[in-house]
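Inspection log for the structure reproduced underneath, given as structure tokens.
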Amino acid sequence: MSRSPAPFGRRAAKIVARETLGAYVVIRASDPGGPVPRPGQFYMLQAAERWGGGEGERPFLPRAFSVLRMIGSPPTPELHFLIEDVGPGTNRLCELEAGEELLLVGPLGNGFEAPREGRGALLVGGGVGIAPLAIWQDELDASTPALLGFRDAEHAVGAGLMANASVATDDGSVGHHGLVTDLLEEQLDARGDELEVYACGPPAMLEAVRATCVRHAVPAQLALESGMACGFGACFGCVVPTVDGYVRLCLEGPVLDAERLVGAAAFAGTGAGH
Amino acid sequence: MSVEFCGLELVHPIINASGTFDAIAAGRAFGEELIERFPFAAFVSKTVTLQPRQGNPPPRLWELAGGLINSIGLPNQGLRGYLQHDLPELARLPVPLIVNVMGSSRDQVAELVAAFGERAEVAALELNVSCPNVETGLLMGADPAEIAALLDRVRPLTSKPLIVKLTPNATDVPAVARAAQGAGADAVSLINTLRGMALDPRTGRPWLGGVTGGVSGAAVRAVALAQVHAVAQAVEIPIVGMGGVASGADALDLMRAGATLVAVGTESFRDPAAGLRVASELAELAANSAV
Ligand SMILES: Cc1cc2nc3c(=O)[nH]c(=O)nc-3n(C[C@H](O)[C@H](O)[C@H](O)COP(=O)(O)OP(=O)(O)OC[C@H]3O[C@@H](n4cnc5c(N)ncnc54)[C@H](O)[C@@H]3O)c2cc1C
Ligand SMILES: Cc1cc2nc3c(=O)[nH]c(=O)nc-3n(C[C@H](O)[C@H](O)[C@H](O)COP(=O)(O)O)c2cc1C
Ligand code: FES
């Protein structure tokens with residue numbers, strides 16, 4: 001299993017930069033002494049100051065974020081996170097400025113596994129779900145192809161985080177006018193037997209990727225989301241249904257093999273996702 | 001700040017609240033450092049039932065201002081799975097193990113108490129009585145007579161300390177505590193979660209898969225303090241206080257209200273090492289003030 005253990009407890013990480021990237025924000029935090037995450041792993045983040053008091057007097061709990069990339073190397077790695085402002089927690093994280101502090105726990109969960117013998121990786125991302133694919137591409141090879149879907153041109157700016165990307169947008173403002181799964185279908189028709197798919201994105205997209213890969217008998221590793229309170233297996237809140245019953249996504253995932261998932265139910269009812 | 005509790009010598013007064021820390025899962029996330037810096041002076045297991053349970057359908061969590069509603073639904077592997085898989089691993093923890101059990105009839109609770117009562121790895125048992133007795137239809141922990149009848153049945157089955165975990169969803173919690181003491185409980189613990197509910201703002205229907213759930217976290221701290229205070233007036237046996245504890249000051253409040261031990265629950269979700277932090281803050285406060 002592709003997992004790097006986390007130091008026990010939460011630790012402070014200073015924000016070194018914040019960049020706006022179209023509809024998204026990238027925050028960079030220095031994590032002195034922190035371990036090197038595996039691509040696909042995530043961190044639980046909260047702001048050290050003013051965590052609470054947003055919409056609905058929330059947030060209260062920390063929030064889960066895939067690591068977008070790690071720059072530099074131990075003992076002074078810098079962690080990058082790609083954030084979309086969808087509610088009080090992400091809103092607060094998006095306003096953090098250089099010099100302010102995050103409290104983080106991680107890396108947590110299981111990351112991606114290398115492609116099976118005889119297959120090469122194909123990365124499929126939707127929206128903010130491109131985050132774990134960027135660090136995976138960094139590790140694999142910049143020539144690894146990526147198919148990325150976005151709502152519109154403002155969101156499609158995110159594609160600049162990855163190399164060798166083909167873009168689809170819902171409104172046709174950039175790249176293919178339509179769904180990223182249209183591009184996936186083309187690729188799997190042409191050379192499915194050479195590929196292993198790695199996908200992350202909104203629930204409807206992941207379900208479409210799962211169904212498409214099953215139809216083409218192509219192995220797929222999907223990075224899912226669900227509502228999480230703790231991120232380390234303590235609360236049993238983040239379960240998703242699999243062929244083995246409910247599993248805690250923060251412990252057994254967030255990356256799960258497509259064949260373990262029972263269908264659309266795995267992506268529904270989890271609360272999070274956008 | 002070592003403390004004696006029902007014959008157990010604990011290195012400090014902070015333990016975990018049942019169902020809010022899985023030491024086996026945490027070991028996978030944090031590796032050996034978890035054992036080297038184990039955050040609690042005793043480890044309380046999740047509720048174990050006779051048969052395995054899947055738990056409630058998701059979503060299972062709803063965040064509140066200063067708290068959380070959960071409808072987890074007590075997933076666990078059942079008695080046999082627990083004895084086979086969890087107990088051997090938990091026995092390796094550097095602290096005493098308290099096993100929390102629940103049944104939906106007196107016979108079921110009796111079977112669980114008897115099974116754990118004879119295991120050397122188990123230091124004490126906690127009875128989760130926030131569950132209806134299918135035979136009487138009454139919430140076991142909401143009625144003094146129901147609690148007394150339960151303890152009459154299970155008390156003779158073990159000489160290990162029995163802690164009764166009281167539900168706050170009862171009319172007269174001190175009366176239930178008194179009945180538990182009268183029927184041989186060694187300690188009581190409180191509070192369990194308060195029943196709560198949330199509606200999905202988009203559909204107007206219940207958000208949680210279990211429809212209602214239990215409220216925990218800072219939002220329930222004042223309720224916990226009032227109930228621990230009231231129970232302390234009613235019984236002489238030791239009390240494990242819990243509900244929204246996030247700091248040494250919160251723990252000290254519960255001890256001033258009458259608790260011998262304090263359990264940390266939801267705060268561990270925000271800070272996995274919260275138990276260590278609360279214990280050291282408490283030690284510092286105690287050193288600087290006359291508790
Ligand atoms: C493993 C993992 C990796 C992730 N990686 C990223 C990433 O790289 N970048 C990124 O931007 N996001 C990522 N996410 C999603 C991110 O965690 C959520 O967007 C974030 O938690 C939202 O918090 P919020 O307070 O901003 O919004 P919330 O208000 O919490 O809204 C988020 C969703 O939660 C539900 N919700 C609304 N109110 C409540 C409530 N009171 N209680 C419970 N649920 C509620 C709704 O369905 C809503 O759409 C990831 C999630 C997981 C699990
Ligand atoms: C996610 C979650 C799961 C819980 N599971 C259990 C359980 O299995 N058995 C039990 O007796 N109490 C359970 N509880 C209740 C806690 O042990 C505790 O009584 C309550 O949460 C109040 O403490 P807190 O506010 O510090 O969390 C659970 C609480 C939470 C939040
Ligand atoms: S988020 Fe708590 S168990 Fe997964």
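Within each chain, counting starts at residue 1; across the structure tokens, chains are named A, B, ... in the order shown, with ligands numbered 1 upward in that order.
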Please find the residues contacting ligand 3 at a distance of at most 9 Å between atoms, with only C-alpha atoms and all ligand atoms counted, and report them as a list in words.
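Residues satisfying the distance criterion: Ala64, Ser226, Gly227, Met228, Ala229, Cys230, Gly231, Phe232, Gly233, Ala234, Cys235, Phe236, Gly237, Cys238, Val239, Val247, Arg248, Leu249, Cys250 and Leu251 of chain A; Thr20, Asp22, Ala25 and Phe269 of chain B.
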Go ahead and save the residues from that selection, with N, CA and C atoms, as a PDB file, in the first residue's frame.
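Saved to part02.pdb:
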```pdb
ATOM      1  N   ALA A  64     -10.330  18.195   4.666  1.00  0.00           N
ATOM      2  CA  ALA A  64      -9.403  17.314   3.935  1.00  0.00           C
ATOM      3  C   ALA A  64      -8.996  17.934   2.604  1.00  0.00           C
ATOM      4  N   SER A 226     -15.374  12.192   0.664  1.00  0.00           N
ATOM      5  CA  SER A 226     -16.581  12.055   1.474  1.00  0.00           C
ATOM      6  C   SER A 226     -16.427  13.009   2.642  1.00  0.00           C
ATOM      7  N   GLY A 227     -17.504  13.248   3.347  1.00  0.00           N
ATOM      8  CA  GLY A 227     -17.436  14.142   4.501  1.00  0.00           C
ATOM      9  C   GLY A 227     -16.576  13.506   5.582  1.00  0.00           C
ATOM     10  N   MET A 228     -15.554  14.216   6.027  1.00  0.00           N
ATOM     11  CA  MET A 228     -14.629  13.663   7.021  1.00  0.00           C
ATOM     12  C   MET A 228     -14.572  14.556   8.252  1.00  0.00           C
ATOM     13  N   ALA A 229     -14.592  13.925   9.434  1.00  0.00           N
ATOM     14  CA  ALA A 229     -14.402  14.707  10.650  1.00  0.00           C
ATOM     15  C   ALA A 229     -12.953  14.639  11.126  1.00  0.00           C
ATOM     16  N   CYS A 230     -12.322  13.456  10.996  1.00  0.00           N
ATOM     17  CA  CYS A 230     -11.007  13.290  11.627  1.00  0.00           C
ATOM     18  C   CYS A 230      -9.884  13.019  10.635  1.00  0.00           C
ATOM     19  N   GLY A 231     -10.123  12.176   9.624  1.00  0.00           N
ATOM     20  CA  GLY A 231      -9.085  11.841   8.654  1.00  0.00           C
ATOM     21  C   GLY A 231      -8.164  10.708   9.072  1.00  0.00           C
ATOM     22  N   PHE A 232      -8.280  10.170  10.293  1.00  0.00           N
ATOM     23  CA  PHE A 232      -7.364   9.090  10.701  1.00  0.00           C
ATOM     24  C   PHE A 232      -8.082   7.883  11.285  1.00  0.00           C
ATOM     25  N   GLY A 233      -9.319   7.678  10.837  1.00  0.00           N
ATOM     26  CA  GLY A 233     -10.006   6.439  11.195  1.00  0.00           C
ATOM     27  C   GLY A 233     -10.706   6.455  12.534  1.00  0.00           C
ATOM     28  N   ALA A 234     -10.815   7.633  13.163  1.00  0.00           N
ATOM     29  CA  ALA A 234     -11.355   7.684  14.517  1.00  0.00           C
ATOM     30  C   ALA A 234     -12.877   7.761  14.566  1.00  0.00           C
ATOM     31  N   CYS A 235     -13.508   8.413  13.588  1.00  0.00           N
ATOM     32  CA  CYS A 235     -14.928   8.753  13.753  1.00  0.00           C
ATOM     33  C   CYS A 235     -15.883   7.837  12.992  1.00  0.00           C
ATOM     34  N   PHE A 236     -15.404   7.085  12.012  1.00  0.00           N
ATOM     35  CA  PHE A 236     -16.265   6.240  11.168  1.00  0.00           C
ATOM     36  C   PHE A 236     -17.298   7.056  10.402  1.00  0.00           C
ATOM     37  N   GLY A 237     -17.014   8.329  10.175  1.00  0.00           N
ATOM     38  CA  GLY A 237     -17.984   9.188   9.501  1.00  0.00           C
ATOM     39  C   GLY A 237     -17.875   9.168   7.987  1.00  0.00           C
ATOM     40  N   CYS A 238     -16.733   8.726   7.451  1.00  0.00           N
ATOM     41  CA  CYS A 238     -16.411   8.950   6.046  1.00  0.00           C
ATOM     42  C   CYS A 238     -16.657   7.734   5.178  1.00  0.00           C
ATOM     43  N   VAL A 239     -17.456   6.778   5.661  1.00  0.00           N
ATOM     44  CA  VAL A 239     -17.546   5.498   4.951  1.00  0.00           C
ATOM     45  C   VAL A 239     -18.165   5.627   3.562  1.00  0.00           C
ATOM     46  N   VAL A 247     -16.394   0.980   3.931  1.00  0.00           N
ATOM     47  CA  VAL A 247     -15.012   1.147   4.381  1.00  0.00           C
ATOM     48  C   VAL A 247     -14.777   2.622   4.695  1.00  0.00           C
ATOM     49  N   ARG A 248     -13.887   2.875   5.646  1.00  0.00           N
ATOM     50  CA  ARG A 248     -13.525   4.256   5.985  1.00  0.00           C
ATOM     51  C   ARG A 248     -12.621   4.790   4.885  1.00  0.00           C
ATOM     52  N   LEU A 249     -13.097   5.826   4.211  1.00  0.00           N
ATOM     53  CA  LEU A 249     -12.349   6.360   3.074  1.00  0.00           C
ATOM     54  C   LEU A 249     -11.011   6.943   3.505  1.00  0.00           C
ATOM     55  N   CYS A 250     -10.954   7.505   4.715  1.00  0.00           N
ATOM     56  CA  CYS A 250      -9.704   8.142   5.146  1.00  0.00           C
ATOM     57  C   CYS A 250      -8.618   7.115   5.437  1.00  0.00           C
ATOM     58  N   LEU A 251      -9.019   5.867   5.642  1.00  0.00           N
ATOM     59  CA  LEU A 251      -8.069   4.830   6.030  1.00  0.00           C
ATOM     60  C   LEU A 251      -7.775   3.890   4.861  1.00  0.00           C
TER      61      LEU A 251
ATOM     62  N   THR B  20     -14.486   7.574  19.732  1.00  0.00           N
ATOM     63  CA  THR B  20     -13.900   8.785  19.156  1.00  0.00           C
ATOM     64  C   THR B  20     -12.400   8.637  18.896  1.00  0.00           C
ATOM     65  N   ASP B  22      -9.782   5.357  17.448  1.00  0.00           N
ATOM     66  CA  ASP B  22      -9.544   3.955  17.125  1.00  0.00           C
ATOM     67  C   ASP B  22      -8.038   3.749  17.142  1.00  0.00           C
ATOM     68  N   ALA B  25      -6.549   1.926  14.041  1.00  0.00           N
ATOM     69  CA  ALA B  25      -6.496   2.766  12.837  1.00  0.00           C
ATOM     70  C   ALA B  25      -5.448   3.860  13.003  1.00  0.00           C
ATOM     71  N   PHE B 269     -10.747  14.715  17.004  1.00  0.00           N
ATOM     72  CA  PHE B 269     -10.897  14.836  15.550  1.00  0.00           C
ATOM     73  C   PHE B 269     -10.169  16.086  15.055  1.00  0.00           C
TER      74      PHE B 269
END
```
Close residues to ligand 1 using only C-alpha atoms and all ligand atoms, limit 7 Å, as an MDAnalysis selection string
(chainID A and resid 42 59 63:68 81:91 128:129 131:132 224:228 250 254 271:274) or (chainID B and resid 61:64)
For the residues in that selection, give me N, CA, C and O atoms as a short mmCIF file (atom, residue, chain, number, x, y, z; two decimals), in the first residue's frame.
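Output saved as part39.cif:
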```
data_model
loop_
_atom_site.label_atom_id
_atom_site.label_comp_id
_atom_site.auth_asym_id
_atom_site.auth_seq_id
_atom_site.Cartn_x
_atom_site.Cartn_y
_atom_site.Cartn_z
N PHE A 42 -3.62 12.76 1.52
CA PHE A 42 -4.24 14.04 1.82
C PHE A 42 -3.83 14.52 3.21
O PHE A 42 -3.21 13.77 3.98
N PRO A 59 -16.21 27.09 10.18
CA PRO A 59 -16.01 25.65 10.44
C PRO A 59 -15.68 25.35 11.89
O PRO A 59 -15.29 26.22 12.66
N ARG A 63 -10.49 20.32 7.57
CA ARG A 63 -10.96 19.94 6.23
C ARG A 63 -9.89 19.14 5.50
O ARG A 63 -8.69 19.41 5.67
N ALA A 64 -10.33 18.19 4.67
CA ALA A 64 -9.40 17.31 3.94
C ALA A 64 -9.00 17.93 2.60
O ALA A 64 -9.86 18.43 1.86
N PHE A 65 -7.69 17.89 2.30
CA PHE A 65 -7.18 18.37 1.00
C PHE A 65 -6.08 17.45 0.50
O PHE A 65 -5.13 17.14 1.22
N SER A 66 -6.21 17.07 -0.77
CA SER A 66 -5.15 16.31 -1.42
C SER A 66 -3.93 17.21 -1.53
O SER A 66 -4.05 18.42 -1.73
N VAL A 67 -2.75 16.59 -1.44
CA VAL A 67 -1.56 17.40 -1.66
C VAL A 67 -1.41 17.58 -3.18
O VAL A 67 -1.55 16.64 -3.95
N LEU A 68 -1.23 18.82 -3.59
CA LEU A 68 -1.12 19.17 -5.02
C LEU A 68 0.29 18.89 -5.52
O LEU A 68 0.50 18.41 -6.62
N PHE A 81 -1.33 23.18 -1.87
CA PHE A 81 -2.71 22.72 -1.91
C PHE A 81 -3.51 23.58 -2.87
O PHE A 81 -3.32 24.80 -2.92
N LEU A 82 -4.40 22.94 -3.62
CA LEU A 82 -5.28 23.63 -4.56
C LEU A 82 -6.66 23.68 -3.93
O LEU A 82 -7.22 22.63 -3.60
N ILE A 83 -7.20 24.88 -3.78
CA ILE A 83 -8.44 25.01 -3.01
C ILE A 83 -9.50 25.76 -3.80
O ILE A 83 -9.22 26.80 -4.43
N GLU A 84 -10.71 25.22 -3.76
CA GLU A 84 -11.86 25.90 -4.35
C GLU A 84 -12.76 26.34 -3.21
O GLU A 84 -13.13 25.53 -2.35
N ASP A 85 -13.12 27.60 -3.21
CA ASP A 85 -13.94 28.18 -2.13
C ASP A 85 -15.40 27.76 -2.32
O ASP A 85 -16.09 28.27 -3.20
N VAL A 86 -15.84 26.79 -1.50
CA VAL A 86 -17.22 26.30 -1.62
C VAL A 86 -18.01 26.45 -0.33
O VAL A 86 -19.19 26.12 -0.28
N GLY A 87 -17.39 26.92 0.74
CA GLY A 87 -18.08 27.00 2.02
C GLY A 87 -17.16 27.65 3.04
O GLY A 87 -16.07 28.13 2.71
N PRO A 88 -17.56 27.65 4.32
CA PRO A 88 -16.82 28.43 5.32
C PRO A 88 -15.37 27.97 5.55
O PRO A 88 -14.50 28.80 5.81
N GLY A 89 -15.12 26.65 5.43
CA GLY A 89 -13.76 26.16 5.67
C GLY A 89 -12.82 26.55 4.55
O GLY A 89 -11.75 27.12 4.77
N THR A 90 -13.23 26.24 3.32
CA THR A 90 -12.39 26.58 2.18
C THR A 90 -12.28 28.10 2.04
O THR A 90 -11.23 28.62 1.65
N ASN A 91 -13.35 28.80 2.41
CA ASN A 91 -13.32 30.26 2.34
C ASN A 91 -12.22 30.83 3.22
O ASN A 91 -11.41 31.68 2.81
N VAL A 128 -11.37 20.83 -9.22
CA VAL A 128 -10.33 20.86 -8.21
C VAL A 128 -9.72 19.46 -8.00
O VAL A 128 -8.64 19.32 -7.42
N GLY A 129 -10.40 18.45 -8.54
CA GLY A 129 -9.90 17.07 -8.48
C GLY A 129 -8.62 16.82 -9.25
O GLY A 129 -8.08 15.72 -9.20
N ALA A 131 -5.93 18.06 -8.36
CA ALA A 131 -4.83 18.23 -7.39
C ALA A 131 -3.98 16.96 -7.22
O ALA A 131 -2.76 17.00 -7.40
N PRO A 132 -4.57 15.81 -6.88
CA PRO A 132 -3.70 14.65 -6.64
C PRO A 132 -3.05 14.14 -7.92
O PRO A 132 -2.04 13.43 -7.86
N LEU A 224 -11.53 9.33 -4.20
CA LEU A 224 -12.88 9.76 -3.84
C LEU A 224 -12.86 10.86 -2.79
O LEU A 224 -11.83 11.11 -2.15
N GLU A 225 -14.04 11.43 -2.56
CA GLU A 225 -14.24 12.36 -1.45
C GLU A 225 -15.41 11.88 -0.62
O GLU A 225 -16.33 11.25 -1.15
N SER A 226 -15.37 12.19 0.66
CA SER A 226 -16.58 12.06 1.47
C SER A 226 -16.43 13.01 2.64
O SER A 226 -15.35 13.55 2.87
N GLY A 227 -17.50 13.25 3.35
CA GLY A 227 -17.44 14.14 4.50
C GLY A 227 -16.58 13.51 5.58
O GLY A 227 -16.81 12.37 5.97
N MET A 228 -15.55 14.22 6.03
CA MET A 228 -14.63 13.66 7.02
C MET A 228 -14.57 14.56 8.25
O MET A 228 -14.48 15.78 8.12
N CYS A 250 -10.95 7.50 4.72
CA CYS A 250 -9.70 8.14 5.15
C CYS A 250 -8.62 7.11 5.44
O CYS A 250 -7.44 7.45 5.49
N PRO A 254 -7.95 7.65 0.27
CA PRO A 254 -9.07 8.02 -0.62
C PRO A 254 -9.00 7.36 -1.98
O PRO A 254 -9.96 7.42 -2.73
N GLY A 271 -22.03 13.51 1.07
CA GLY A 271 -22.10 14.86 1.63
C GLY A 271 -21.19 15.82 0.91
O GLY A 271 -21.63 16.82 0.37
N ALA A 272 -19.90 15.53 0.89
CA ALA A 272 -18.98 16.46 0.26
C ALA A 272 -19.08 16.36 -1.26
O ALA A 272 -19.91 15.64 -1.80
N GLY A 273 -18.27 17.04 -1.95
CA GLY A 273 -18.25 16.94 -3.42
C GLY A 273 -18.99 18.09 -4.05
O GLY A 273 -20.00 18.55 -3.54
N HIS A 274 -18.45 18.53 -5.15
CA HIS A 274 -19.05 19.70 -5.76
C HIS A 274 -18.77 19.65 -7.24
O HIS A 274 -17.93 18.89 -7.71
N LEU B 61 -22.33 12.54 9.17
CA LEU B 61 -21.81 13.69 9.92
C LEU B 61 -22.50 14.97 9.48
O LEU B 61 -22.74 15.17 8.28
N TRP B 62 -22.77 15.83 10.44
CA TRP B 62 -23.23 17.19 10.14
C TRP B 62 -22.52 18.12 11.10
O TRP B 62 -22.57 17.90 12.32
N GLU B 63 -21.87 19.13 10.56
CA GLU B 63 -21.10 20.04 11.41
C GLU B 63 -22.00 21.15 11.94
O GLU B 63 -22.83 21.68 11.20
N LEU B 64 -21.79 21.51 13.20
CA LEU B 64 -22.54 22.59 13.84
C LEU B 64 -21.57 23.71 14.22
O LEU B 64 -20.36 23.52 14.19
#
```
Proximity to ligand 2 - best of A:Arg50, A:Leu195, A:Leu61, A:Ala163, only C-alpha atoms and all ligand atoms
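Ranking A:Arg50, A:Leu195, A:Leu61, A:Ala163 by distance to ligand 2, first place goes to A:Leu61.
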From a DSSP calculation on the backbone, collect every residue of stretch 210-269 of chain A in alpha helix (DSSP H) and output the set as a PyMOL selection string.
chain A and resi 210-215+249-252
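With only C-alpha atoms and all ligand atoms as the basis for measurement, B:Glu267 is the residue among B:Asp143, B:Glu118, B:Glu111, B:Glu267 that approaches ligand 2 most closely.
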How close does each residue of chain B get to ligand 2, giving the shortest atom pair and distance in Å to one decimal for every residue with an atom at most 6 Å away, counting only C-alpha atoms and all ligand atoms, sorted by chain and residue number, as JSON lines?
```
{"residue": "B:Ala17", "atom": "CA", "partner": "ligand 2", "partner_atom_place_in_ligand_line": "17 (O)", "distance": 3.8}
{"residue": "B:Ser18", "atom": "CA", "partner": "ligand 2", "partner_atom_place_in_ligand_line": "17 (O)", "distance": 3.9}
{"residue": "B:Gly19", "atom": "CA", "partner": "ligand 2", "partner_atom_place_in_ligand_line": "5 (N)", "distance": 3.4}
{"residue": "B:Thr20", "atom": "CA", "partner": "ligand 2", "partner_atom_place_in_ligand_line": "2 (C)", "distance": 5.2}
{"residue": "B:Lys46", "atom": "CA", "partner": "ligand 2", "partner_atom_place_in_ligand_line": "8 (O)", "distance": 4.3}
{"residue": "B:Thr47", "atom": "CA", "partner": "ligand 2", "partner_atom_place_in_ligand_line": "8 (O)", "distance": 4.1}
{"residue": "B:Asn70", "atom": "CA", "partner": "ligand 2", "partner_atom_place_in_ligand_line": "1 (C)", "distance": 5.5}
{"residue": "B:Leu74", "atom": "CA", "partner": "ligand 2", "partner_atom_place_in_ligand_line": "8 (O)", "distance": 5.2}
{"residue": "B:Asn128", "atom": "CA", "partner": "ligand 2", "partner_atom_place_in_ligand_line": "11 (O)", "distance": 4.9}
{"residue": "B:Ile191", "atom": "CA", "partner": "ligand 2", "partner_atom_place_in_ligand_line": "19 (O)", "distance": 5.1}
{"residue": "B:Asn192", "atom": "CA", "partner": "ligand 2", "partner_atom_place_in_ligand_line": "19 (O)", "distance": 3.4}
{"residue": "B:Thr193", "atom": "CA", "partner": "ligand 2", "partner_atom_place_in_ligand_line": "20 (C)", "distance": 4.7}
{"residue": "B:Ser216", "atom": "CA", "partner": "ligand 2", "partner_atom_place_in_ligand_line": "25 (O)", "distance": 3.9}
{"residue": "B:Gly217", "atom": "CA", "partner": "ligand 2", "partner_atom_place_in_ligand_line": "25 (O)", "distance": 3.6}
{"residue": "B:Met242", "atom": "CA", "partner": "ligand 2", "partner_atom_place_in_ligand_line": "23 (O)", "distance": 5.0}
{"residue": "B:Gly243", "atom": "CA", "partner": "ligand 2", "partner_atom_place_in_ligand_line": "25 (O)", "distance": 3.5}
{"residue": "B:Gly244", "atom": "CA", "partner": "ligand 2", "partner_atom_place_in_ligand_line": "25 (O)", "distance": 3.5}
{"residue": "B:Val245", "atom": "CA", "partner": "ligand 2", "partner_atom_place_in_ligand_line": "26 (O)", "distance": 5.1}
{"residue": "B:Val264", "atom": "CA", "partner": "ligand 2", "partner_atom_place_in_ligand_line": "26 (O)", "distance": 4.7}
{"residue": "B:Gly265", "atom": "CA", "partner": "ligand 2", "partner_atom_place_in_ligand_line": "26 (O)", "distance": 3.4}
{"residue": "B:Thr266", "atom": "CA", "partner": "ligand 2", "partner_atom_place_in_ligand_line": "27 (O)", "distance": 3.7}
```
Which residues are near A:Arg18? Cut-off 7 Å, only C-alpha atoms, ignore same chain within fewer than 5 positions. Put them as a list in words.
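Skipping anything fewer than 5 positions along the chain leaves Val25, Val26, Ile27, Arg28, Glu97 and Ala98 of chain A.
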Contact set, chain B to chain A: 7 Å, only C-alpha atoms, as a compact mmCIF listing (two decimals) with C-alpha atoms, in the first residue's frame:
```txt
# COMPACT_ATOMS: atom_id res chain seq x y z
CA GLY B 19 -16.04 5.71 19.70
CA THR B 20 -13.90 8.79 19.16
CA PHE B 21 -10.44 7.22 18.84
CA ASP B 22 -9.54 3.95 17.12
CA ALA B 25 -6.50 2.77 12.84
CA ALA B 26 -4.43 5.55 14.43
CA ALA B 29 -1.93 6.53 10.24
CA PHE B 30 0.77 7.56 12.72
CA GLY B 31 2.98 4.50 13.08
CA GLU B 33 4.92 7.41 17.41
CA LEU B 34 1.34 6.80 18.55
CA GLN B 54 -22.50 -2.23 9.46
CA PRO B 58 -24.00 7.86 4.97
CA PRO B 59 -24.01 10.77 5.30
CA ARG B 60 -23.09 10.24 8.94
CA LEU B 61 -21.81 13.69 9.92
CA LEU B 64 -22.54 22.59 13.84
CA ALA B 65 -21.29 25.84 15.29
CA GLY B 66 -18.83 24.41 17.85
CA GLY B 67 -19.85 20.82 17.40
CA ILE B 72 -22.50 6.50 12.92
CA PHE B 269 -10.90 14.84 15.55
CA ARG B 270 -9.50 18.38 15.51
CA ASP B 271 -6.22 17.37 17.09
CA PRO B 272 -5.29 13.67 17.23
CA ALA B 273 -2.96 14.37 20.17
```
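Taking atom CA of B:Ala42 and atom CA of B:His12 as endpoints, the distance between them is 9.0 Å.
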Return the single residue from A:Arg119, A:Lys14, A:Arg215, A:His176 that is closest to A:Asp152, with distances computed using only C-alpha atoms.
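Selected residue with least distance to A:Asp152: A:His176.
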Closest atom pairs, residues of stretch 39-62 of chain B within 12 Å of stretch 3-11 of chain B, only C-alpha atoms, as JSON lines:
```
{"residue": "B:Pro39", "atom": "CA", "partner": "B:Val11", "partner_atom": "CA", "distance": 10.9}
{"residue": "B:Phe40", "atom": "CA", "partner": "B:Val11", "partner_atom": "CA", "distance": 8.9}
{"residue": "B:Ala41", "atom": "CA", "partner": "B:Leu10", "partner_atom": "CA", "distance": 5.6}
{"residue": "B:Ala42", "atom": "CA", "partner": "B:Leu10", "partner_atom": "CA", "distance": 7.0}
{"residue": "B:Phe43", "atom": "CA", "partner": "B:Leu10", "partner_atom": "CA", "distance": 10.8}
```
Could you take the residues named above and write them with N, CA and C atoms, as a PDB file, in the first residue's frame?
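The result, stored in selection.pdb:
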```
ATOM      1  N   PRO B  39      -1.842   9.093  23.829  1.00  0.00           N
ATOM      2  CA  PRO B  39      -2.447  10.291  24.414  1.00  0.00           C
ATOM      3  C   PRO B  39      -3.342  10.067  25.628  1.00  0.00           C
ATOM      4  N   PHE B  40      -3.684   8.823  25.936  1.00  0.00           N
ATOM      5  CA  PHE B  40      -4.666   8.598  27.001  1.00  0.00           C
ATOM      6  C   PHE B  40      -4.094   7.687  28.086  1.00  0.00           C
ATOM      7  N   ALA B  41      -4.589   7.888  29.326  1.00  0.00           N
ATOM      8  CA  ALA B  41      -4.102   7.101  30.460  1.00  0.00           C
ATOM      9  C   ALA B  41      -4.771   5.733  30.532  1.00  0.00           C
ATOM     10  N   ALA B  42      -5.894   5.584  29.849  1.00  0.00           N
ATOM     11  CA  ALA B  42      -6.520   4.273  29.645  1.00  0.00           C
ATOM     12  C   ALA B  42      -7.189   4.373  28.291  1.00  0.00           C
ATOM     13  N   PHE B  43      -7.374   3.229  27.623  1.00  0.00           N
ATOM     14  CA  PHE B  43      -8.019   3.277  26.314  1.00  0.00           C
ATOM     15  C   PHE B  43      -9.396   2.630  26.393  1.00  0.00           C
TER      16      PHE B  43
END
```
Leaving out B:Ala145 and any residue of its chain fewer than 6 positions from it, which residues lie within 12 Å of it when counting only C-alpha atoms, given as a count of residues only?
13
Compile the contact shell of A:Glu113 as a ChimeraX atom specification: residues with an atom at most 12 Å away, counting only C-alpha atoms, same-chain residues fewer than 2 positions apart removed.
/A:1-3,38-41,110-111,115-117,120-121,136,139-140,196-198,219-223,253,255-257
